[in-house]
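Visitor: Next up, work07.pdb (PDB, C-alpha atoms).
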```pdb
ATOM      1  CA  MET A  16      14.420  38.553 -36.327
ATOM      2  CA  LEU A  17      15.771  37.511 -32.940
ATOM      3  CA  LEU A  18      17.420  39.726 -30.324
ATOM      4  CA  ALA A  19      19.948  37.784 -28.211
ATOM      5  CA  VAL A  20      21.503  39.419 -25.142
ATOM      6  CA  ASP A  21      24.347  37.985 -23.063
ATOM      7  CA  ILE A  22      24.910  39.848 -19.768
ATOM      8  CA  GLY A  23      28.453  39.225 -18.579
ATOM      9  CA  ASN A  24      30.313  40.474 -15.534
ATOM     10  CA  THR A  25      32.079  43.232 -17.495
ATOM     11  CA  ASN A  26      30.216  43.626 -20.805
ATOM     12  CA  ILE A  27      26.776  43.032 -22.268
ATOM     13  CA  THR A  28      26.894  41.517 -25.749
ATOM     14  CA  ILE A  29      23.934  42.074 -28.045
ATOM     15  CA  GLY A  30      23.276  40.179 -31.264
ATOM     16  CA  VAL A  31      20.487  40.280 -33.824
ATOM     17  CA  TYR A  32      19.795  37.202 -35.964
ATOM     18  CA  GLU A  33      17.998  36.992 -39.272
ATOM     19  CA  GLY A  34      17.304  33.278 -39.305
ATOM     20  CA  ASP A  35      20.644  31.572 -38.609
ATOM     21  CA  THR A  36      22.652  34.595 -39.772
ATOM     22  CA  LEU A  37      24.065  37.041 -37.252
ATOM     23  CA  ALA A  38      23.167  40.462 -38.655
ATOM     24  CA  PHE A  39      25.187  42.499 -36.164
ATOM     25  CA  THR A  40      26.755  42.437 -32.705
ATOM     26  CA  ALA A  41      27.342  45.269 -30.258
ATOM     27  CA  ARG A  42      28.682  45.654 -26.729
ATOM     28  CA  THR A  43      28.046  47.920 -23.788
ATOM     29  CA  ALA A  44      29.347  47.975 -20.221
ATOM     30  CA  THR A  45      27.589  46.003 -17.489
ATOM     31  CA  ASP A  46      26.447  48.538 -14.892
ATOM     32  CA  ALA A  47      24.054  47.627 -12.087
ATOM     33  CA  ALA A  48      23.377  51.324 -11.466
ATOM     34  CA  ARG A  49      21.700  51.845 -14.848
ATOM     35  CA  THR A  50      17.930  51.717 -15.089
ATOM     36  CA  GLY A  51      15.821  49.932 -17.668
ATOM     37  CA  ASP A  52      15.146  53.279 -19.348
ATOM     38  CA  GLN A  53      18.875  54.007 -19.663
ATOM     39  CA  TYR A  54      19.532  50.613 -21.225
ATOM     40  CA  ALA A  55      16.521  51.138 -23.515
ATOM     41  CA  VAL A  56      18.001  54.377 -24.838
ATOM     42  CA  GLU A  57      21.315  52.625 -25.445
ATOM     43  CA  LEU A  58      19.619  49.695 -27.143
ATOM     44  CA  MET A  59      17.692  52.025 -29.451
ATOM     45  CA  GLY A  60      20.952  53.764 -30.317
ATOM     46  CA  MET A  61      22.513  50.445 -31.309
ATOM     47  CA  PHE A  62      19.618  49.599 -33.602
ATOM     48  CA  ALA A  63      19.960  53.027 -35.209
ATOM     49  CA  LEU A  64      23.745  52.698 -35.524
ATOM     50  CA  TYR A  65      23.474  49.371 -37.354
ATOM     51  CA  LYS A  66      20.420  50.481 -39.351
ATOM     52  CA  CYS A  67      18.271  47.665 -37.992
ATOM     53  CA  ASP A  68      14.476  48.048 -38.085
ATOM     54  CA  VAL A  69      13.158  47.433 -34.546
ATOM     55  CA  SER A  70       9.764  46.408 -35.929
ATOM     56  CA  GLY A  71      11.383  43.334 -37.454
ATOM     57  CA  ILE A  72      12.288  41.873 -34.041
ATOM     58  CA  ASP A  73       9.734  39.248 -33.064
ATOM     59  CA  GLY A  74      11.641  37.368 -30.377
ATOM     60  CA  ALA A  75      14.228  37.906 -27.630
ATOM     61  CA  ILE A  76      16.309  35.785 -25.276
ATOM     62  CA  VAL A  77      18.593  36.836 -22.411
ATOM     63  CA  SER A  78      21.345  35.036 -20.495
ATOM     64  CA  SER A  79      22.938  36.620 -17.443
ATOM     65  CA  VAL A  80      25.661  36.088 -14.857
ATOM     66  CA  ALA A  81      24.873  39.502 -13.321
ATOM     67  CA  PRO A  82      21.448  39.108 -11.649
ATOM     68  CA  ALA A  83      21.345  42.769 -10.572
ATOM     69  CA  VAL A  84      21.248  43.806 -14.242
ATOM     70  CA  THR A  85      18.837  41.185 -15.600
ATOM     71  CA  ASN A  86      15.567  42.959 -14.775
ATOM     72  CA  ALA A  87      16.775  46.275 -16.202
ATOM     73  CA  ILE A  88      17.808  44.626 -19.480
ATOM     74  CA  CYS A  89      14.534  42.678 -19.782
ATOM     75  CA  SER A  90      12.616  45.908 -19.130
ATOM     76  CA  ALA A  91      14.652  47.668 -21.833
ATOM     77  CA  VAL A  92      14.010  44.853 -24.314
ATOM     78  CA  ALA A  93      10.269  44.965 -23.659
ATOM     79  CA  LYS A  94      10.162  48.746 -24.174
ATOM     80  CA  VAL A  95      12.250  48.814 -27.329
ATOM     81  CA  VAL A  96      11.128  45.714 -29.251
ATOM     82  CA  ASN A  97       7.781  45.075 -27.516
ATOM     83  CA  VAL A  98       8.410  41.391 -26.792
ATOM     84  CA  GLU A  99       8.889  39.461 -23.560
ATOM     85  CA  ALA A 100      12.356  37.932 -23.455
ATOM     86  CA  ILE A 101      12.977  34.297 -22.608
ATOM     87  CA  ILE A 102      15.452  34.181 -19.702
ATOM     88  CA  VAL A 103      17.968  31.326 -19.677
ATOM     89  CA  GLY A 104      17.634  29.474 -16.378
ATOM     90  CA  PRO A 105      16.209  26.399 -14.645
ATOM     91  CA  GLY A 106      13.303  24.851 -16.527
ATOM     92  CA  ILE A 107      14.394  25.982 -19.979
ATOM     93  CA  LYS A 108      14.563  23.291 -22.681
ATOM     94  CA  THR A 109      18.186  22.709 -23.680
ATOM     95  CA  GLY A 110      18.516  19.356 -25.445
ATOM     96  CA  LEU A 111      21.674  18.963 -23.344
ATOM     97  CA  ASN A 112      22.411  16.130 -20.915
ATOM     98  CA  ILE A 113      23.889  18.000 -17.939
ATOM     99  CA  ALA A 114      25.802  15.388 -15.927
ATOM    100  CA  ILE A 115      27.031  17.489 -13.002
ATOM    101  CA  ASN A 116      26.132  17.169  -9.321
ATOM    102  CA  ASP A 117      23.472  19.905  -9.410
ATOM    103  CA  PRO A 118      22.409  20.995 -12.912
ATOM    104  CA  ALA A 119      20.680  24.061 -11.406
ATOM    105  CA  GLU A 120      24.148  25.395 -10.480
ATOM    106  CA  LEU A 121      25.232  25.636 -14.110
ATOM    107  CA  GLY A 122      25.689  29.279 -15.117
ATOM    108  CA  ALA A 123      23.677  30.637 -18.023
ATOM    109  CA  ASP A 124      26.838  31.451 -19.989
ATOM    110  CA  LEU A 125      28.209  27.923 -19.576
ATOM    111  CA  LEU A 126      24.862  26.470 -20.615
ATOM    112  CA  CYS A 127      24.821  28.605 -23.758
ATOM    113  CA  VAL A 128      28.339  27.690 -24.884
ATOM    114  CA  SER A 129      27.707  24.015 -24.150
ATOM    115  CA  VAL A 130      24.518  23.972 -26.245
ATOM    116  CA  ALA A 131      26.323  25.734 -29.107
ATOM    117  CA  ALA A 132      29.352  23.428 -28.903
ATOM    118  CA  LEU A 133      27.089  20.361 -28.924
ATOM    119  CA  ASN A 134      25.388  21.558 -32.099
ATOM    120  CA  LYS A 135      28.419  22.973 -33.940
ATOM    121  CA  TYR A 136      31.576  20.986 -33.170
ATOM    122  CA  PRO A 137      32.954  17.420 -33.010
ATOM    123  CA  LEU A 138      32.835  15.544 -29.709
ATOM    124  CA  PRO A 139      34.376  15.357 -27.202
ATOM    125  CA  ASN A 140      35.059  19.052 -26.965
ATOM    126  CA  ALA A 141      36.169  21.697 -24.497
ATOM    127  CA  VAL A 142      34.937  25.290 -24.662
ATOM    128  CA  CYS A 143      37.438  27.784 -23.253
ATOM    129  CA  ASP A 144      35.574  31.012 -22.448
ATOM    130  CA  LEU A 145      38.248  33.565 -21.604
ATOM    131  CA  GLY A 146      36.756  36.661 -20.022
ATOM    132  CA  THR A 147      36.555  38.180 -16.534
ATOM    133  CA  ALA A 148      36.554  34.601 -15.305
ATOM    134  CA  SER A 149      38.140  31.952 -17.493
ATOM    135  CA  THR A 150      36.149  28.736 -17.810
ATOM    136  CA  ILE A 151      36.652  25.409 -19.548
ATOM    137  CA  THR A 152      33.430  23.476 -20.163
ATOM    138  CA  VAL A 153      33.738  19.834 -21.208
ATOM    139  CA  LEU A 154      31.378  17.715 -23.317
ATOM    140  CA  ASP A 155      32.256  13.999 -23.485
ATOM    141  CA  LYS A 156      32.120  11.745 -26.544
ATOM    142  CA  ASP A 157      28.391  11.167 -25.983
ATOM    143  CA  GLY A 158      27.616  14.890 -25.809
ATOM    144  CA  LYS A 159      27.096  14.980 -22.045
ATOM    145  CA  MET A 160      28.177  18.159 -20.273
ATOM    146  CA  ILE A 161      30.294  16.512 -17.570
ATOM    147  CA  GLY A 162      31.712  19.570 -15.803
ATOM    148  CA  GLY A 163      34.466  22.073 -16.156
ATOM    149  CA  ILE A 164      37.117  24.347 -14.712
ATOM    150  CA  ILE A 165      36.950  27.949 -13.444
ATOM    151  CA  TYR A 166      39.926  30.228 -12.790
ATOM    152  CA  PRO A 167      40.635  34.010 -12.840
ATOM    153  CA  GLY A 168      40.760  35.717 -16.228
ATOM    154  CA  ILE A 169      43.782  37.784 -17.215
ATOM    155  CA  ARG A 170      42.147  41.132 -16.360
ATOM    156  CA  THR A 171      41.118  39.809 -12.952
ATOM    157  CA  SER A 172      44.620  38.427 -12.361
ATOM    158  CA  LEU A 173      46.249  41.700 -13.395
ATOM    159  CA  MET A 174      43.968  43.756 -11.135
ATOM    160  CA  ALA A 175      44.773  41.510  -8.173
ATOM    161  CA  LEU A 176      48.508  41.780  -8.878
ATOM    162  CA  VAL A 177      48.555  45.569  -9.304
ATOM    163  CA  ASN A 178      46.279  46.192  -6.313
ATOM    164  CA  ASN A 179      48.389  44.024  -4.003
ATOM    165  CA  ALA A 180      51.904  44.875  -5.178
ATOM    166  CA  ALA A 181      52.599  48.588  -4.785
ATOM    167  CA  LEU A 182      55.508  48.777  -7.237
ATOM    168  CA  LEU A 183      53.865  46.898 -10.131
ATOM    169  CA  PRO A 184      52.195  49.087 -12.796
ATOM    170  CA  GLN A 185      49.048  48.631 -14.874
ATOM    171  CA  ILE A 186      50.030  47.182 -18.271
ATOM    172  CA  SER A 187      48.434  46.508 -21.663
ATOM    173  CA  TYR A 188      47.630  43.000 -22.857
ATOM    174  CA  GLU A 189      50.449  42.724 -25.390
ATOM    175  CA  LYS A 190      52.496  39.650 -26.181
ATOM    176  CA  PRO A 191      55.962  39.933 -24.591
ATOM    177  CA  LYS A 192      59.044  39.986 -26.804
ATOM    178  CA  GLN A 193      60.412  36.912 -25.066
ATOM    179  CA  VAL A 194      59.642  34.570 -22.193
ATOM    180  CA  VAL A 195      62.363  35.928 -19.916
ATOM    181  CA  GLY A 196      61.573  39.620 -19.531
ATOM    182  CA  ARG A 197      64.346  42.215 -19.211
ATOM    183  CA  ASN A 198      62.217  44.863 -17.512
ATOM    184  CA  THR A 199      59.240  44.941 -15.154
ATOM    185  CA  ILE A 200      56.599  45.427 -17.843
ATOM    186  CA  ASP A 201      57.893  42.611 -20.069
ATOM    187  CA  CYS A 202      58.193  40.336 -17.033
ATOM    188  CA  MET A 203      54.567  41.029 -16.163
ATOM    189  CA  ARG A 204      53.407  40.509 -19.751
ATOM    190  CA  SER A 205      55.226  37.191 -19.899
ATOM    191  CA  GLY A 206      53.583  35.993 -16.714
ATOM    192  CA  LEU A 207      50.176  37.319 -17.686
ATOM    193  CA  ILE A 208      49.891  36.337 -21.371
ATOM    194  CA  LEU A 209      52.270  33.392 -21.723
ATOM    195  CA  GLY A 210      51.301  32.175 -18.264
ATOM    196  CA  ALA A 211      47.614  32.159 -19.266
ATOM    197  CA  ALA A 212      48.447  30.310 -22.502
ATOM    198  CA  SER A 213      50.548  27.724 -20.665
ATOM    199  CA  LEU A 214      47.801  27.232 -18.082
ATOM    200  CA  LEU A 215      45.279  26.654 -20.861
ATOM    201  CA  ASP A 216      47.548  24.182 -22.675
ATOM    202  CA  GLY A 217      48.244  22.337 -19.436
ATOM    203  CA  MET A 218      44.645  22.111 -18.278
ATOM    204  CA  LEU A 219      43.446  20.815 -21.646
ATOM    205  CA  GLU A 220      46.200  18.205 -21.571
ATOM    206  CA  ARG A 221      44.929  17.072 -18.178
ATOM    207  CA  VAL A 222      41.331  17.014 -19.466
ATOM    208  CA  GLU A 223      42.409  14.738 -22.333
ATOM    209  CA  GLU A 224      44.271  12.458 -19.932
ATOM    210  CA  GLU A 225      41.145  12.181 -17.772
ATOM    211  CA  LEU A 226      38.899  11.452 -20.779
ATOM    212  CA  GLY A 227      41.429   9.130 -22.398
ATOM    213  CA  MET A 228      41.064  10.831 -25.787
ATOM    214  CA  PRO A 229      41.773  14.148 -27.535
ATOM    215  CA  VAL A 230      39.228  16.959 -27.454
ATOM    216  CA  THR A 231      38.213  19.628 -29.938
ATOM    217  CA  ALA A 232      39.329  22.878 -28.295
ATOM    218  CA  ILE A 233      37.062  25.895 -28.889
ATOM    219  CA  ALA A 234      37.940  29.388 -27.662
ATOM    220  CA  THR A 235      35.551  32.259 -27.081
ATOM    221  CA  GLY A 236      35.322  35.323 -24.841
ATOM    222  CA  GLY A 237      36.914  38.758 -24.844
ATOM    223  CA  PHE A 238      40.508  37.651 -24.261
ATOM    224  CA  SER A 239      40.465  34.488 -26.360
ATOM    225  CA  ALA A 240      42.284  35.890 -29.396
ATOM    226  CA  ASP A 241      45.047  37.390 -27.220
ATOM    227  CA  ILE A 242      45.707  34.105 -25.432
ATOM    228  CA  ILE A 243      45.261  31.255 -27.906
ATOM    229  CA  CYS A 244      47.753  32.705 -30.389
ATOM    230  CA  ASN A 245      50.373  31.951 -27.725
ATOM    231  CA  CYS A 246      49.187  28.388 -27.048
ATOM    232  CA  LYS A 247      50.985  25.304 -28.358
ATOM    233  CA  ARG A 248      47.815  23.492 -29.394
ATOM    234  CA  ASP A 249      45.278  24.353 -32.071
ATOM    235  CA  PHE A 250      41.977  26.060 -31.247
ATOM    236  CA  ILE A 251      38.813  26.934 -33.107
ATOM    237  CA  LEU A 252      38.139  30.613 -32.401
ATOM    238  CA  ASP A 253      34.389  31.271 -32.187
ATOM    239  CA  GLU A 254      33.753  34.747 -30.806
ATOM    240  CA  ASN A 255      29.957  34.448 -31.087
ATOM    241  CA  LEU A 256      29.523  31.064 -29.428
ATOM    242  CA  VAL A 257      27.332  32.361 -26.568
ATOM    243  CA  LEU A 258      25.052  34.195 -28.995
ATOM    244  CA  ASP A 259      24.738  31.073 -31.162
ATOM    245  CA  GLY A 260      23.814  29.112 -28.045
ATOM    246  CA  LEU A 261      21.134  31.689 -27.258
ATOM    247  CA  ARG A 262      19.724  31.386 -30.777
ATOM    248  CA  ILE A 263      19.547  27.591 -30.489
ATOM    249  CA  LEU A 264      17.911  27.801 -27.058
ATOM    250  CA  TYR A 265      15.355  30.297 -28.360
ATOM    251  CA  GLU A 266      14.426  27.947 -31.190
ATOM    252  CA  LYS A 267      13.942  25.099 -28.711
ATOM    253  CA  ASN A 268      11.771  27.137 -26.349
ATOM    254  CA  SER A 269       9.815  29.594 -28.477
ATOM    255  CA  ARG A 270       7.574  26.914 -29.982
ATOM    256  CA  SER A 271       6.234  25.925 -26.556
ATOM    257  CA  ARG A 272       5.209  29.554 -25.930
ATOM    258  CA  LYS A 273       3.027  29.776 -29.014
TER     259      LYS A 273
END
```
Kindly present the structure from the file in structure tokens form.
Guide:
Amino acid sequence: MLLAVDIGNTNITIGVYEGDTLAFTARTATDAARTGDQYAVELMGMFALYKCDVSGIDGAIVSSVAPAVTNAICSAVAKVVNVEAIIVGPGIKTGLNIAINDPAELGADLLCVSVAALNKYPLPNAVCDLGTASTITVLDKDGKMIGGIIYPGIRTSLMALVNNAALLPQISYEKPKQVVGRNTIDCMRSGLILGAASLLDGMLERVEEELGMPVTAIATGGFSADIICNCKRDFILDENLVLDGLRILYEKNSRSRK
């Protein structure tokens, strides 16, 4: 079995694969103050919760956009499953043609979703990863990763709004009853949720204009389900795209370690 770990800015997503099948997923908070031992205890608890035999894990791979947490997680993995994790980064085999100015700048999360999208979905495609930061990663008709778009996610936008406007309250991520709100909360929800959906629709339209052809739109990330249901275009919702990318990358790199 394979242990795949994606360290995000807000959450750490953990998946265990039996072959190509995802046996279970779990999440915990990203916290740079936690030690490897603390993460190890939490990881052991997850295996117990999902009744997964640790002795069956014979491989591990980690991607991270939070460098301060990476070493602690890798230490926890080594202690719990007794394997050295492959870390997604420069030098890893990807099978992906990365056609950006400096391929070394590409974040591990964007690499993972691009590899998964290349292997799973029709080209050209655009992966919309909607989390703390929202990103759109574009693969052209030849499967080249040609670049993307980065903008604040809805939680980040809401925090900035509430922290900088004294009279605006914290709100939940619910769809507003209508576009034109009749009270402060509905006005904020309209701007937050419908605004994010409109931004996504508009940016993908511009991507298609630049490519000169339609793209397959894939959505992933913690806020994807909340946003794409309000979009005008169709999306493929794939909540485990990063983990699938990790599995594919592990398969490409584990052979060279043996």
Visitor: Where does range 241-264 of chain A meet range 142-146 of chain A within 12 Å, residue by residue, with the nearest atom pair and distance in Å to one decimal for each, counting only C-alpha atoms, listed by chain and rising number, as CSV?
Guide:
```
residue,atom,partner,partner_atom,distance
A:Asp241,CA,A:Leu145,CA,9.6
A:Ile242,CA,A:Leu145,CA,8.4
A:Ile243,CA,A:Leu145,CA,9.7
A:Phe250,CA,A:Cys143,CA,9.4
A:Ile251,CA,A:Val142,CA,9.4
A:Leu252,CA,A:Cys143,CA,9.6
A:Asp253,CA,A:Val142,CA,9.6
A:Glu254,CA,A:Asp144,CA,9.3
A:Asn255,CA,A:Asp144,CA,10.9
A:Leu256,CA,A:Asp144,CA,9.2
A:Val257,CA,A:Asp144,CA,9.3
```
Visitor: If you keep C-alpha atoms, can you produce a file of those selected residues as a compact mmCIF listing (two decimals), keeping the file's coordinate frame?
Guide:
```
# COMPACT_ATOMS: atom_id res chain seq x y z
CA ASP A 241 45.05 37.39 -27.22
CA ILE A 242 45.71 34.10 -25.43
CA ILE A 243 45.26 31.26 -27.91
CA PHE A 250 41.98 26.06 -31.25
CA ILE A 251 38.81 26.93 -33.11
CA LEU A 252 38.14 30.61 -32.40
CA ASP A 253 34.39 31.27 -32.19
CA GLU A 254 33.75 34.75 -30.81
CA ASN A 255 29.96 34.45 -31.09
CA LEU A 256 29.52 31.06 -29.43
CA VAL A 257 27.33 32.36 -26.57
```
Visitor: Between CA of Asn268 in chain A and CA of Ile76 in chain A, what distance in Å does the model show, to one decimal?
Guide: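 Straight-line distance from CA of Asn268 in chain A to CA of Ile76 in chain A works out to 9.8 Å.
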Visitor: Residues near Asp52 in chain A, anyone? I mean within 8 Å using only C-alpha atoms, not counting same-chain ones fewer than 5 positions away, as a list in words.
Guide: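 Here the qualifying residues turn out to be Ala87, Ser90 and Ala91 of chain A.
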Visitor: Which residue, A:Pro105, A:Gly51, A:Gly71, A:Gly168, has the smallest gap to Leu121 in chain A when you use all atoms listed in the file?
Guide: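 Comparing A:Pro105, A:Gly51, A:Gly71, A:Gly168 against Leu121 in chain A, the winner is A:Pro105.
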Visitor: Would you please work out which residue, of A:Asn245, A:Ala234, A:Lys66, A:Met59, is nearest to Lys192 in chain A when using all atoms listed in the file?
Guide: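 For Lys192 in chain A, the nearest of the candidates is A:Asn245.
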Visitor: Pick from A:Leu258, A:Phe62, A:Ile72, A:Ser269: nearest to Leu37 in chain A, with all atoms listed in the file counted?
Guide: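 Going through A:Leu258, A:Phe62, A:Ile72, A:Ser269 one by one, the smallest distance to Leu37 in chain A is for A:Leu258.
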Visitor: Just so the selection is clear, what residues does the PyMOL selection byres ((chain A and resi 113-116) around 10) cover here, as a PyMOL selection string?
Guide: chain A and resi 109-112+117-121+126+129+154+158-163
Visitor: Would you compute the distance between CA of Cys67 in chain A and CA of Ile29 in chain A? Give it in Å to one decimal.
Guide: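 Atom-to-atom, CA of Cys67 in chain A to CA of Ile29 in chain A, that is 12.7 Å.
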